[in-house]
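**Student:** Pasting a structure here, questions to come.
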Amino acid sequence: MLKVVEKADGRTASKVLIKSAESIKLPPGCSLSLVTTLRSVAHLKQDWRALEDECDIQPTIFQSYDWVQSWCEIYAQPDSKREIQFVIGRRANRVVFIWPLMRESQHGFSVLKWASHPIGQYGDLLVAAFEDTAEWISAATQYLKVNHTADILHLRHVRKTSNFAPYAQLHWNDGRLFEQAPAMDLTQFKSDEDYSARYDAQQRKRRKKTFRKLEELGQLTTKIATENEAPAALALAVSEKLKWLETRGRFNQVLSCSRHNALLEKLIANPDAKMRVKILQISLGDQPSAWEIGFEWNGIHYGYLTSHLDGLTDLGVGRLTLDIAQRQALKSGLREYDLMVPYDQHKESFSSHKEPVNDWFLPLSSKGSLYGTFYLRLTRPTLREIYRRLPPPVLRVLKRLLGQ
């Protein structure tokens, strides 16, 4: 049986035929459908938000309706190369399963990825409590395969405690890009004084030394940017981060994209959003000098980006910024500060635990099997390790050769 859905570009009234989920094994009263347009995503708002609260394993902010819908509006417009491919599962007309994916062409292959990747730092799906997660994923995967939606599923940054990880470990291929996601449990601290007590004598001495050196450049003050101030602070923070990366021969396609700031500005200005974008700004005298851009959602602060004037790196301003940001999160009554992937050594002293994070892939065609075996399993992990080990002078030469 065939089901009619809107064409992915959403600009015309033309239709495409999608094979019905009735041929896929699901319990009575359950169905699957594919959402491919911005208009259809907007219609999911009420159901999506309800499902966020009904999940047994809570999704992260990057699976929230506010985040995904805003990303779609900025990055998945008809003129982009990204196509929305959300698999929606219903039981008795109630949405109980959402798998937010997007389709991109990569190296000549059609690849399904998490929606909002790589800006979204974690990937997962939403499934209501008491539903059989494995059953829904299995049916949805078959649905995608039957309808030839892509050559391969390649899903990055899957946390061990996510809805998706247990199924992937049993049925998918290991992407061999193991990471650690560090986080600080803020519930262990009753006050700012408790937080200070976690430092040993040497750490406290180092922190005072950092304050002293920075205050020689001007009085140190901190503030949370207001909605009107946020766009300018965001632009400056990202600009300085790109300069910092440039001196080290690194390149960040996400931060370099003009749509990146537009997405965060949209989230900042959205009065209906359940999430909040917070920009902490540290000034030395009258000079804005360091920033922490974070997202607050469901009791968690996601530390998305830290940045500072490049000349301040050796003074320890990066660590001081994290210290102040975590104190702000504690003061706001949040239960966790998530430092997110990738794991870096400087995050160690600002975390109380780490969670394993991995990549997974599943071919949907013979062409996808070639991509998965020779690129994702063999070539990509090797290239990534080489890139990590290259010194800045070599990286700068490589950037010029690649035209970045």
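Identifiers in this document derive from the order of the structure tokens: chains are assigned A, B, ..., residues are numbered from 1 separately in each chain, and ligands are numbered from 1 in order of occurrence.
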Listing only residues of segment 259-356 of chain A within 8 Å of segment 182-200 of chain A, what is the closest atom pair and its distance in Å (to one decimal) for each, using only C-alpha atoms, sorted by chain and residue number ascending, as JSON lines?
**Tutor:**
```
{"residue": "A:Arg327", "atom": "CA", "partner": "A:Asp192", "partner_atom": "CA", "distance": 6.6}
{"residue": "A:Leu330", "atom": "CA", "partner": "A:Leu186", "partner_atom": "CA", "distance": 6.2}
{"residue": "A:Lys331", "atom": "CA", "partner": "A:Asp192", "partner_atom": "CA", "distance": 7.6}
{"residue": "A:Leu334", "atom": "CA", "partner": "A:Leu186", "partner_atom": "CA", "distance": 7.0}
{"residue": "A:Arg335", "atom": "CA", "partner": "A:Leu186", "partner_atom": "CA", "distance": 5.0}
{"residue": "A:Glu336", "atom": "CA", "partner": "A:Asp185", "partner_atom": "CA", "distance": 4.8}
{"residue": "A:Tyr337", "atom": "CA", "partner": "A:Met184", "partner_atom": "CA", "distance": 5.1}
{"residue": "A:Asp338", "atom": "CA", "partner": "A:Ala183", "partner_atom": "CA", "distance": 4.3}
{"residue": "A:Leu339", "atom": "CA", "partner": "A:Ala183", "partner_atom": "CA", "distance": 5.4}
{"residue": "A:Met340", "atom": "CA", "partner": "A:Pro182", "partner_atom": "CA", "distance": 6.0}
{"residue": "A:Val341", "atom": "CA", "partner": "A:Pro182", "partner_atom": "CA", "distance": 7.3}
{"residue": "A:Tyr343", "atom": "CA", "partner": "A:Pro182", "partner_atom": "CA", "distance": 6.6}
{"residue": "A:Lys347", "atom": "CA", "partner": "A:Pro182", "partner_atom": "CA", "distance": 7.1}
{"residue": "A:Glu348", "atom": "CA", "partner": "A:Pro182", "partner_atom": "CA", "distance": 7.4}
{"residue": "A:Phe350", "atom": "CA", "partner": "A:Met184", "partner_atom": "CA", "distance": 6.4}
{"residue": "A:Ser351", "atom": "CA", "partner": "A:Met184", "partner_atom": "CA", "distance": 4.2}
{"residue": "A:Ser352", "atom": "CA", "partner": "A:Met184", "partner_atom": "CA", "distance": 4.8}
{"residue": "A:His353", "atom": "CA", "partner": "A:Ala183", "partner_atom": "CA", "distance": 5.8}
{"residue": "A:Lys354", "atom": "CA", "partner": "A:Pro182", "partner_atom": "CA", "distance": 4.2}
{"residue": "A:Glu355", "atom": "CA", "partner": "A:Pro182", "partner_atom": "CA", "distance": 6.4}
```
**Student:** Save out the residues we just selected, N, CA and C atoms, as an mmCIF file, in the first residue's frame.
**Tutor:**
```cif
data_model
loop_
_atom_site.group_PDB
_atom_site.id
_atom_site.type_symbol
_atom_site.label_atom_id
_atom_site.label_comp_id
_atom_site.auth_asym_id
_atom_site.auth_seq_id
_atom_site.Cartn_x
_atom_site.Cartn_y
_atom_site.Cartn_z
ATOM 1 N N ARG A 327 29.499 28.349 38.586
ATOM 2 C CA ARG A 327 28.902 29.018 39.748
ATOM 3 C C ARG A 327 27.569 29.679 39.377
ATOM 4 N N LEU A 330 24.980 26.959 39.222
ATOM 5 C CA LEU A 330 24.618 26.552 40.580
ATOM 6 C C LEU A 330 23.662 27.572 41.196
ATOM 7 N N LYS A 331 23.976 28.850 41.004
ATOM 8 C CA LYS A 331 23.139 29.921 41.533
ATOM 9 C C LYS A 331 21.742 29.892 40.911
ATOM 10 N N LEU A 334 20.333 24.910 38.801
ATOM 11 C CA LEU A 334 20.421 23.800 37.862
ATOM 12 C C LEU A 334 21.108 22.601 38.517
ATOM 13 N N ARG A 335 20.809 21.418 38.040
ATOM 14 C CA ARG A 335 21.338 20.221 38.682
ATOM 15 C C ARG A 335 22.629 19.703 38.039
ATOM 16 N N GLU A 336 22.931 20.145 36.801
ATOM 17 C CA GLU A 336 24.117 19.620 36.119
ATOM 18 C C GLU A 336 24.671 20.649 35.140
ATOM 19 N N TYR A 337 25.992 20.637 35.031
ATOM 20 C CA TYR A 337 26.681 21.436 34.014
ATOM 21 C C TYR A 337 27.360 20.448 33.088
ATOM 22 N N ASP A 338 26.881 20.382 31.856
ATOM 23 C CA ASP A 338 27.397 19.437 30.869
ATOM 24 C C ASP A 338 28.444 20.135 30.007
ATOM 25 N N LEU A 339 29.703 19.665 30.079
ATOM 26 C CA LEU A 339 30.787 20.260 29.301
ATOM 27 C C LEU A 339 30.841 19.710 27.875
ATOM 28 N N MET A 340 30.149 18.631 27.625
ATOM 29 C CA MET A 340 29.941 18.063 26.291
ATOM 30 C C MET A 340 31.229 17.585 25.615
ATOM 31 N N VAL A 341 31.009 16.842 24.525
ATOM 32 C CA VAL A 341 32.122 16.362 23.719
ATOM 33 C C VAL A 341 32.693 17.531 22.921
ATOM 34 N N TYR A 343 36.027 15.448 24.777
ATOM 35 C CA TYR A 343 36.695 15.511 26.065
ATOM 36 C C TYR A 343 38.086 16.120 25.876
ATOM 37 N N LYS A 347 38.961 20.093 30.853
ATOM 38 C CA LYS A 347 37.618 19.866 31.394
ATOM 39 C C LYS A 347 37.626 18.924 32.601
ATOM 40 N N GLU A 348 38.736 18.228 32.792
ATOM 41 C CA GLU A 348 38.815 17.209 33.853
ATOM 42 C C GLU A 348 38.508 17.798 35.231
ATOM 43 N N PHE A 350 36.786 20.263 35.996
ATOM 44 C CA PHE A 350 35.466 20.875 36.096
ATOM 45 C C PHE A 350 34.353 19.850 35.907
ATOM 46 N N SER A 351 34.686 18.578 36.061
ATOM 47 C CA SER A 351 33.681 17.526 35.905
ATOM 48 C C SER A 351 33.760 16.557 37.074
ATOM 49 N N SER A 352 32.624 15.957 37.386
ATOM 50 C CA SER A 352 32.574 14.950 38.448
ATOM 51 C C SER A 352 32.417 13.545 37.874
ATOM 52 N N HIS A 353 32.051 13.461 36.587
ATOM 53 C CA HIS A 353 31.880 12.164 35.943
ATOM 54 C C HIS A 353 31.958 12.328 34.431
ATOM 55 N N LYS A 354 32.172 11.222 33.740
ATOM 56 C CA LYS A 354 32.231 11.223 32.278
ATOM 57 C C LYS A 354 31.350 10.096 31.745
ATOM 58 N N GLU A 355 30.728 10.362 30.600
ATOM 59 C CA GLU A 355 29.877 9.354 29.982
ATOM 60 C C GLU A 355 30.444 8.952 28.626
#
```
**Student:** Would you mind listing, for every residue of segment 141-227 of chain A within 12 Å of segment 258-270 of chain A, the two atoms forming the shortest contact and the distance between them in Å to one decimal, using only C-alpha atoms, sorted by chain and ascending residue number, as a Markdown table?
**Tutor:**
```
| residue | atom | partner | partner_atom | distance |
| --- | --- | --- | --- | --- |
| A:Ala225 | CA | A:Ile268 | CA | 10.7 |
| A:Thr226 | CA | A:Ile268 | CA | 9.6 |
| A:Glu227 | CA | A:Ile268 | CA | 6.7 |
```
**Student:** Include C-alpha atoms and write out the residues we just selected as a short mmCIF file (atom, residue, chain, number, x, y, z; two decimals), in the first residue's frame.
**Tutor:**
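Dumped everything to part.cif:
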```
data_model
loop_
_atom_site.label_atom_id
_atom_site.label_comp_id
_atom_site.auth_asym_id
_atom_site.auth_seq_id
_atom_site.Cartn_x
_atom_site.Cartn_y
_atom_site.Cartn_z
CA ALA A 225 24.06 39.51 28.37
CA THR A 226 20.51 40.78 28.00
CA GLU A 227 18.43 39.79 24.97
#
```
**Student:** Using DSSP assignments from the backbone, pull out every residue in segment 162-278 of chain A that falls under strand (DSSP E or B) and give it to me as a ChimeraX atom specification.
**Tutor:** /A:173-174,179-185,220-224,276-278
**Student:** Per DSSP on the backbone, filter segment 98-339 of chain A down to the residues in alpha helix (DSSP H) and report them as an mmCIF file with N, CA and C atoms, in the first residue's frame.
**Tutor:**
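Output (out.cif):
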```cif
data_model
loop_
_atom_site.group_PDB
_atom_site.id
_atom_site.type_symbol
_atom_site.label_atom_id
_atom_site.label_comp_id
_atom_site.auth_asym_id
_atom_site.auth_seq_id
_atom_site.Cartn_x
_atom_site.Cartn_y
_atom_site.Cartn_z
ATOM 1 N N THR A 133 11.346 0.267 22.898
ATOM 2 C CA THR A 133 12.242 1.090 22.081
ATOM 3 C C THR A 133 12.833 0.298 20.921
ATOM 4 N N ALA A 134 13.296 -0.921 21.209
ATOM 5 C CA ALA A 134 13.918 -1.746 20.167
ATOM 6 C C ALA A 134 12.927 -2.057 19.046
ATOM 7 N N GLU A 135 11.690 -2.304 19.404
ATOM 8 C CA GLU A 135 10.669 -2.615 18.408
ATOM 9 C C GLU A 135 10.434 -1.419 17.477
ATOM 10 N N TRP A 136 10.377 -0.229 18.043
ATOM 11 C CA TRP A 136 10.155 0.966 17.249
ATOM 12 C C TRP A 136 11.355 1.260 16.343
ATOM 13 N N ILE A 137 12.567 1.130 16.880
ATOM 14 C CA ILE A 137 13.755 1.408 16.062
ATOM 15 C C ILE A 137 13.855 0.408 14.923
ATOM 16 N N SER A 138 13.602 -0.849 15.218
ATOM 17 C CA SER A 138 13.670 -1.894 14.188
ATOM 18 C C SER A 138 12.671 -1.621 13.070
ATOM 19 N N ALA A 139 11.433 -1.273 13.444
ATOM 20 C CA ALA A 139 10.399 -0.996 12.445
ATOM 21 C C ALA A 139 10.739 0.265 11.646
ATOM 22 N N ALA A 140 11.223 1.294 12.329
ATOM 23 C CA ALA A 140 11.562 2.539 11.654
ATOM 24 C C ALA A 140 12.736 2.353 10.693
ATOM 25 N N THR A 141 13.708 1.548 11.088
ATOM 26 C CA THR A 141 14.852 1.270 10.211
ATOM 27 C C THR A 141 14.394 0.545 8.952
ATOM 28 N N GLN A 142 13.531 -0.432 9.121
ATOM 29 C CA GLN A 142 12.988 -1.158 7.974
ATOM 30 C C GLN A 142 12.179 -0.226 7.079
ATOM 31 N N TYR A 143 11.448 0.663 7.689
ATOM 32 C CA TYR A 143 10.654 1.650 6.953
ATOM 33 C C TYR A 143 11.549 2.519 6.068
ATOM 34 N N LEU A 144 12.675 2.974 6.622
ATOM 35 C CA LEU A 144 13.616 3.786 5.858
ATOM 36 C C LEU A 144 14.254 2.980 4.730
ATOM 37 N N LYS A 145 14.548 1.727 5.028
ATOM 38 C CA LYS A 145 15.189 0.875 4.025
ATOM 39 C C LYS A 145 14.236 0.555 2.878
ATOM 40 N N VAL A 146 12.998 0.217 3.204
ATOM 41 C CA VAL A 146 12.006 -0.129 2.183
ATOM 42 C C VAL A 146 11.759 1.042 1.240
ATOM 43 N N ALA A 165 21.426 3.949 22.269
ATOM 44 C CA ALA A 165 22.681 3.216 22.437
ATOM 45 C C ALA A 165 22.514 1.702 22.627
ATOM 46 N N PRO A 166 21.614 1.214 23.503
ATOM 47 C CA PRO A 166 21.509 -0.240 23.695
ATOM 48 C C PRO A 166 21.171 -0.982 22.404
ATOM 49 N N TYR A 167 20.303 -0.405 21.598
ATOM 50 C CA TYR A 167 19.936 -1.052 20.333
ATOM 51 C C TYR A 167 21.111 -1.019 19.366
ATOM 52 N N ALA A 168 21.796 0.112 19.288
ATOM 53 C CA ALA A 168 22.925 0.247 18.370
ATOM 54 C C ALA A 168 24.028 -0.750 18.698
ATOM 55 N N GLN A 169 24.290 -0.950 19.969
ATOM 56 C CA GLN A 169 25.349 -1.875 20.378
ATOM 57 C C GLN A 169 25.073 -3.307 19.931
ATOM 58 N N LEU A 170 23.807 -3.650 19.797
ATOM 59 C CA LEU A 170 23.425 -5.012 19.396
ATOM 60 C C LEU A 170 23.275 -5.182 17.894
ATOM 61 N N HIS A 171 22.864 -4.107 17.205
ATOM 62 C CA HIS A 171 22.438 -4.280 15.820
ATOM 63 C C HIS A 171 23.174 -3.419 14.797
ATOM 64 N N ASP A 192 27.750 28.502 47.002
ATOM 65 C CA ASP A 192 28.980 28.913 46.325
ATOM 66 C C ASP A 192 30.199 28.547 47.151
ATOM 67 N N GLU A 193 30.049 28.610 48.467
ATOM 68 C CA GLU A 193 31.161 28.239 49.354
ATOM 69 C C GLU A 193 31.485 26.753 49.223
ATOM 70 N N ASP A 194 30.451 25.934 49.092
ATOM 71 C CA ASP A 194 30.673 24.499 48.881
ATOM 72 C C ASP A 194 31.442 24.261 47.583
ATOM 73 N N TYR A 195 31.081 25.017 46.562
ATOM 74 C CA TYR A 195 31.772 24.869 45.282
ATOM 75 C C TYR A 195 33.248 25.244 45.432
ATOM 76 N N SER A 196 33.523 26.332 46.147
ATOM 77 C CA SER A 196 34.915 26.758 46.357
ATOM 78 C C SER A 196 35.704 25.714 47.119
ATOM 79 N N ALA A 197 35.029 25.001 48.024
ATOM 80 C CA ALA A 197 35.712 24.012 48.867
ATOM 81 C C ALA A 197 36.206 22.812 48.075
ATOM 82 N N ALA A 201 44.451 23.369 48.019
ATOM 83 C CA ALA A 201 45.206 24.594 48.297
ATOM 84 C C ALA A 201 45.942 25.108 47.060
ATOM 85 N N GLN A 202 46.535 24.202 46.296
ATOM 86 C CA GLN A 202 47.279 24.609 45.110
ATOM 87 C C GLN A 202 46.355 25.209 44.050
ATOM 88 N N GLN A 203 45.185 24.621 43.896
ATOM 89 C CA GLN A 203 44.233 25.143 42.913
ATOM 90 C C GLN A 203 43.714 26.520 43.317
ATOM 91 N N ARG A 204 43.454 26.704 44.601
ATOM 92 C CA ARG A 204 42.992 28.014 45.066
ATOM 93 C C ARG A 204 44.061 29.080 44.857
ATOM 94 N N LYS A 205 45.300 28.696 45.088
ATOM 95 C CA LYS A 205 46.415 29.619 44.887
ATOM 96 C C LYS A 205 46.529 30.010 43.411
ATOM 97 N N ARG A 206 46.354 29.021 42.514
ATOM 98 C CA ARG A 206 46.445 29.288 41.088
ATOM 99 C C ARG A 206 45.305 30.204 40.627
ATOM 100 N N ARG A 207 44.123 30.001 41.200
ATOM 101 C CA ARG A 207 42.969 30.821 40.821
ATOM 102 C C ARG A 207 43.176 32.273 41.254
ATOM 103 N N LYS A 208 43.701 32.469 42.453
ATOM 104 C CA LYS A 208 43.978 33.832 42.918
ATOM 105 C C LYS A 208 45.026 34.509 42.040
ATOM 106 N N LYS A 209 46.008 33.735 41.613
ATOM 107 C CA LYS A 209 47.059 34.269 40.752
ATOM 108 C C LYS A 209 46.468 34.709 39.406
ATOM 109 N N THR A 210 45.531 33.921 38.885
ATOM 110 C CA THR A 210 44.873 34.271 37.627
ATOM 111 C C THR A 210 44.093 35.570 37.777
ATOM 112 N N PHE A 211 43.352 35.700 38.870
ATOM 113 C CA PHE A 211 42.605 36.926 39.127
ATOM 114 C C PHE A 211 43.547 38.134 39.168
ATOM 115 N N ARG A 212 44.645 37.963 39.874
ATOM 116 C CA ARG A 212 45.582 39.076 40.060
ATOM 117 C C ARG A 212 46.171 39.540 38.728
ATOM 118 N N LYS A 213 46.577 38.588 37.902
ATOM 119 C CA LYS A 213 47.172 38.934 36.603
ATOM 120 C C LYS A 213 46.157 39.598 35.685
ATOM 121 N N LEU A 214 44.938 39.094 35.701
ATOM 122 C CA LEU A 214 43.917 39.667 34.834
ATOM 123 C C LEU A 214 43.518 41.068 35.294
ATOM 124 N N GLU A 215 43.464 41.274 36.592
ATOM 125 C CA GLU A 215 43.041 42.582 37.098
ATOM 126 C C GLU A 215 44.107 43.642 36.871
ATOM 127 N N ALA A 230 22.803 40.326 23.568
ATOM 128 C CA ALA A 230 23.271 38.986 23.222
ATOM 129 C C ALA A 230 23.825 38.858 21.796
ATOM 130 N N PRO A 231 23.154 39.388 20.763
ATOM 131 C CA PRO A 231 23.696 39.210 19.410
ATOM 132 C C PRO A 231 25.113 39.750 19.235
ATOM 133 N N ALA A 232 25.392 40.937 19.805
ATOM 134 C CA ALA A 232 26.732 41.522 19.693
ATOM 135 C C ALA A 232 27.746 40.685 20.471
ATOM 136 N N ALA A 233 27.357 40.235 21.668
ATOM 137 C CA ALA A 233 28.257 39.399 22.469
ATOM 138 C C ALA A 233 28.536 38.076 21.774
ATOM 139 N N LEU A 234 27.491 37.498 21.162
ATOM 140 C CA LEU A 234 27.636 36.247 20.419
ATOM 141 C C LEU A 234 28.608 36.418 19.263
ATOM 142 N N ALA A 235 28.432 37.481 18.485
ATOM 143 C CA ALA A 235 29.295 37.723 17.329
ATOM 144 C C ALA A 235 30.746 37.881 17.746
ATOM 145 N N LEU A 236 30.986 38.616 18.825
ATOM 146 C CA LEU A 236 32.355 38.841 19.295
ATOM 147 C C LEU A 236 32.975 37.554 19.828
ATOM 148 N N ALA A 237 32.192 36.785 20.579
ATOM 149 C CA ALA A 237 32.697 35.529 21.141
ATOM 150 C C ALA A 237 33.083 34.551 20.034
ATOM 151 N N VAL A 238 32.243 34.408 19.028
ATOM 152 C CA VAL A 238 32.533 33.483 17.927
ATOM 153 C C VAL A 238 33.722 33.970 17.123
ATOM 154 N N SER A 239 33.795 35.275 16.881
ATOM 155 C CA SER A 239 34.916 35.841 16.130
ATOM 156 C C SER A 239 36.242 35.565 16.828
ATOM 157 N N GLU A 240 36.284 35.758 18.135
ATOM 158 C CA GLU A 240 37.525 35.519 18.883
ATOM 159 C C GLU A 240 37.872 34.027 18.940
ATOM 160 N N LYS A 241 36.851 33.184 18.981
ATOM 161 C CA LYS A 241 37.102 31.744 18.965
ATOM 162 C C LYS A 241 37.726 31.331 17.637
ATOM 163 N N LEU A 242 37.241 31.887 16.547
ATOM 164 C CA LEU A 242 37.792 31.569 15.231
ATOM 165 C C LEU A 242 39.235 32.053 15.114
ATOM 166 N N LYS A 243 39.549 33.211 15.701
ATOM 167 C CA LYS A 243 40.933 33.689 15.710
ATOM 168 C C LYS A 243 41.822 32.731 16.501
ATOM 169 N N TRP A 244 41.307 32.287 17.635
ATOM 170 C CA TRP A 244 42.059 31.343 18.478
ATOM 171 C C TRP A 244 42.340 30.049 17.719
ATOM 172 N N LEU A 245 41.353 29.555 17.010
ATOM 173 C CA LEU A 245 41.529 28.342 16.216
ATOM 174 C C LEU A 245 42.514 28.572 15.074
ATOM 175 N N GLU A 246 42.448 29.735 14.462
ATOM 176 C CA GLU A 246 43.315 30.053 13.324
ATOM 177 C C GLU A 246 44.790 29.998 13.731
ATOM 178 N N THR A 247 45.128 30.532 14.892
ATOM 179 C CA THR A 247 46.521 30.529 15.331
ATOM 180 C C THR A 247 47.039 29.118 15.591
ATOM 181 N N GLN A 253 34.039 24.345 10.699
ATOM 182 C CA GLN A 253 33.031 24.666 9.693
ATOM 183 C C GLN A 253 31.735 25.162 10.308
ATOM 184 N N VAL A 254 31.417 24.680 11.505
ATOM 185 C CA VAL A 254 30.171 25.093 12.158
ATOM 186 C C VAL A 254 30.223 26.571 12.514
ATOM 187 N N LEU A 255 31.278 26.989 13.210
ATOM 188 C CA LEU A 255 31.386 28.375 13.642
ATOM 189 C C LEU A 255 31.611 29.319 12.466
ATOM 190 N N SER A 256 32.217 28.821 11.401
ATOM 191 C CA SER A 256 32.503 29.657 10.236
ATOM 192 C C SER A 256 31.269 29.909 9.376
ATOM 193 N N SER A 258 27.736 31.264 8.350
ATOM 194 C CA SER A 258 26.953 32.446 8.731
ATOM 195 C C SER A 258 25.628 32.068 9.392
ATOM 196 N N ARG A 259 25.128 30.862 9.110
ATOM 197 C CA ARG A 259 23.845 30.450 9.680
ATOM 198 C C ARG A 259 23.964 30.097 11.165
ATOM 199 N N HIS A 260 25.189 29.827 11.620
ATOM 200 C CA HIS A 260 25.374 29.422 13.018
ATOM 201 C C HIS A 260 24.859 30.490 13.977
ATOM 202 N N ASN A 261 25.342 31.715 13.815
ATOM 203 C CA ASN A 261 24.900 32.785 14.704
ATOM 204 C C ASN A 261 23.417 33.076 14.532
ATOM 205 N N ALA A 262 22.918 32.919 13.312
ATOM 206 C CA ALA A 262 21.494 33.146 13.069
ATOM 207 C C ALA A 262 20.635 32.168 13.863
ATOM 208 N N LEU A 263 21.092 30.930 13.983
ATOM 209 C CA LEU A 263 20.350 29.933 14.763
ATOM 210 C C LEU A 263 20.288 30.341 16.230
ATOM 211 N N LEU A 264 21.440 30.706 16.799
ATOM 212 C CA LEU A 264 21.450 31.069 18.217
ATOM 213 C C LEU A 264 20.652 32.351 18.457
ATOM 214 N N GLU A 265 20.729 33.290 17.529
ATOM 215 C CA GLU A 265 19.940 34.514 17.668
ATOM 216 C C GLU A 265 18.441 34.211 17.634
ATOM 217 N N LYS A 266 18.048 33.261 16.794
ATOM 218 C CA LYS A 266 16.637 32.862 16.730
ATOM 219 C C LYS A 266 16.191 32.265 18.057
ATOM 220 N N LEU A 267 17.030 31.429 18.653
ATOM 221 C CA LEU A 267 16.699 30.817 19.940
ATOM 222 C C LEU A 267 16.636 31.868 21.050
ATOM 223 N N ILE A 268 17.545 32.833 21.000
ATOM 224 C CA ILE A 268 17.570 33.898 22.003
ATOM 225 C C ILE A 268 16.280 34.711 21.962
ATOM 226 N N ALA A 269 15.803 34.983 20.746
ATOM 227 C CA ALA A 269 14.657 35.887 20.580
ATOM 228 C C ALA A 269 13.307 35.187 20.629
ATOM 229 N N VAL A 317 42.622 32.383 31.601
ATOM 230 C CA VAL A 317 41.269 32.921 31.569
ATOM 231 C C VAL A 317 40.241 31.856 31.186
ATOM 232 N N GLY A 318 40.656 30.826 30.436
ATOM 233 C CA GLY A 318 39.728 29.762 30.052
ATOM 234 C C GLY A 318 39.184 29.017 31.261
ATOM 235 N N ARG A 319 40.063 28.654 32.167
ATOM 236 C CA ARG A 319 39.632 27.948 33.385
ATOM 237 C C ARG A 319 38.773 28.848 34.270
ATOM 238 N N LEU A 320 39.166 30.104 34.348
ATOM 239 C CA LEU A 320 38.386 31.039 35.162
ATOM 240 C C LEU A 320 36.974 31.189 34.604
ATOM 241 N N THR A 321 36.845 31.210 33.288
ATOM 242 C CA THR A 321 35.531 31.323 32.660
ATOM 243 C C THR A 321 34.646 30.141 33.020
ATOM 244 N N LEU A 322 35.208 28.934 32.982
ATOM 245 C CA LEU A 322 34.432 27.753 33.361
ATOM 246 C C LEU A 322 34.034 27.800 34.829
ATOM 247 N N ASP A 323 34.934 28.264 35.679
ATOM 248 C CA ASP A 323 34.640 28.394 37.110
ATOM 249 C C ASP A 323 33.448 29.311 37.327
ATOM 250 N N ILE A 324 33.475 30.480 36.708
ATOM 251 C CA ILE A 324 32.394 31.448 36.882
ATOM 252 C C ILE A 324 31.093 30.922 36.293
ATOM 253 N N ALA A 325 31.174 30.256 35.127
ATOM 254 C CA ALA A 325 29.973 29.730 34.472
ATOM 255 C C ALA A 325 29.308 28.648 35.325
ATOM 256 N N GLN A 326 30.093 27.780 35.938
ATOM 257 C CA GLN A 326 29.508 26.736 36.779
ATOM 258 C C GLN A 326 28.887 27.329 38.041
ATOM 259 N N ARG A 327 29.499 28.349 38.586
ATOM 260 C CA ARG A 327 28.902 29.018 39.748
ATOM 261 C C ARG A 327 27.569 29.679 39.377
ATOM 262 N N GLN A 328 27.504 30.252 38.192
ATOM 263 C CA GLN A 328 26.260 30.852 37.728
ATOM 264 C C GLN A 328 25.164 29.794 37.585
ATOM 265 N N ALA A 329 25.540 28.622 37.049
ATOM 266 C CA ALA A 329 24.568 27.538 36.895
ATOM 267 C C ALA A 329 24.083 27.046 38.251
ATOM 268 N N LEU A 330 24.980 26.959 39.222
ATOM 269 C CA LEU A 330 24.618 26.552 40.580
ATOM 270 C C LEU A 330 23.662 27.572 41.196
ATOM 271 N N LYS A 331 23.976 28.850 41.004
ATOM 272 C CA LYS A 331 23.139 29.921 41.533
ATOM 273 C C LYS A 331 21.742 29.892 40.911
#
```
**Student:** What gap, in Å, lies between atom CA of Trp48 of chain A and atom CA of Tyr65 of chain A?
**Tutor:**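 According to the coordinates, atom CA of Trp48 of chain A and atom CA of Tyr65 of chain A are separated by 6.1 Å.
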**Student:** Tell me which protein, DNA and RNA residues are within 9 Å of segment 117-129 of chain A, counting only C-alpha atoms, leaving out same-chain ones fewer than 5 positions away, and put them as a PyMOL selection string.
**Tutor:** chain A and resi 48+51-63+67-68+89+95-100+102+136+155-159+162-165+254-255+260+304+340-341+357
**Student:** Take the selection from the previous step and output its residues with C-alpha atoms, as a short mmCIF file (atom, residue, chain, number, x, y, z; two decimals), in the first residue's frame.
**Tutor:**
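As a result, result26.cif now contains:
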```cif
data_model
loop_
_atom_site.label_atom_id
_atom_site.label_comp_id
_atom_site.auth_asym_id
_atom_site.auth_seq_id
_atom_site.Cartn_x
_atom_site.Cartn_y
_atom_site.Cartn_z
CA TRP A 48 6.66 16.73 20.38
CA LEU A 51 6.64 13.45 24.32
CA GLU A 52 9.68 15.27 25.79
CA ASP A 53 7.98 15.00 29.19
CA GLU A 54 6.80 11.40 28.68
CA CYS A 55 10.16 9.82 27.86
CA ASP A 56 11.50 7.34 30.39
CA ILE A 57 15.03 8.27 29.31
CA GLN A 58 14.98 12.04 28.92
CA PRO A 59 16.33 13.43 25.65
CA THR A 60 18.95 16.16 25.59
CA ILE A 61 18.32 19.71 24.51
CA PHE A 62 19.37 18.75 20.98
CA GLN A 63 16.24 16.59 20.63
CA TRP A 67 16.12 23.28 19.20
CA VAL A 68 15.14 21.07 16.26
CA GLY A 89 5.57 6.70 15.38
CA VAL A 95 2.89 10.37 19.03
CA VAL A 96 5.09 7.98 21.03
CA PHE A 97 8.24 7.86 18.88
CA ILE A 98 10.27 10.54 17.08
CA TRP A 99 13.50 9.85 15.21
CA PRO A 100 14.79 13.26 14.04
CA MET A 102 18.27 14.68 8.03
CA TRP A 136 10.16 0.97 17.25
CA LEU A 155 24.71 8.67 13.65
CA ARG A 156 27.32 10.47 15.72
CA HIS A 157 27.78 11.26 19.42
CA VAL A 158 25.44 8.67 20.91
CA ARG A 159 25.63 8.67 24.70
CA SER A 162 20.62 7.31 25.56
CA ASN A 163 17.51 5.60 24.21
CA PHE A 164 19.37 4.60 21.08
CA ALA A 165 22.68 3.22 22.44
CA VAL A 254 30.17 25.09 12.16
CA LEU A 255 31.39 28.38 13.64
CA HIS A 260 25.37 29.42 13.02
CA TYR A 304 28.32 25.04 24.32
CA MET A 340 29.94 18.06 26.29
CA VAL A 341 32.12 16.36 23.72
CA VAL A 357 29.93 8.52 23.64
#
```
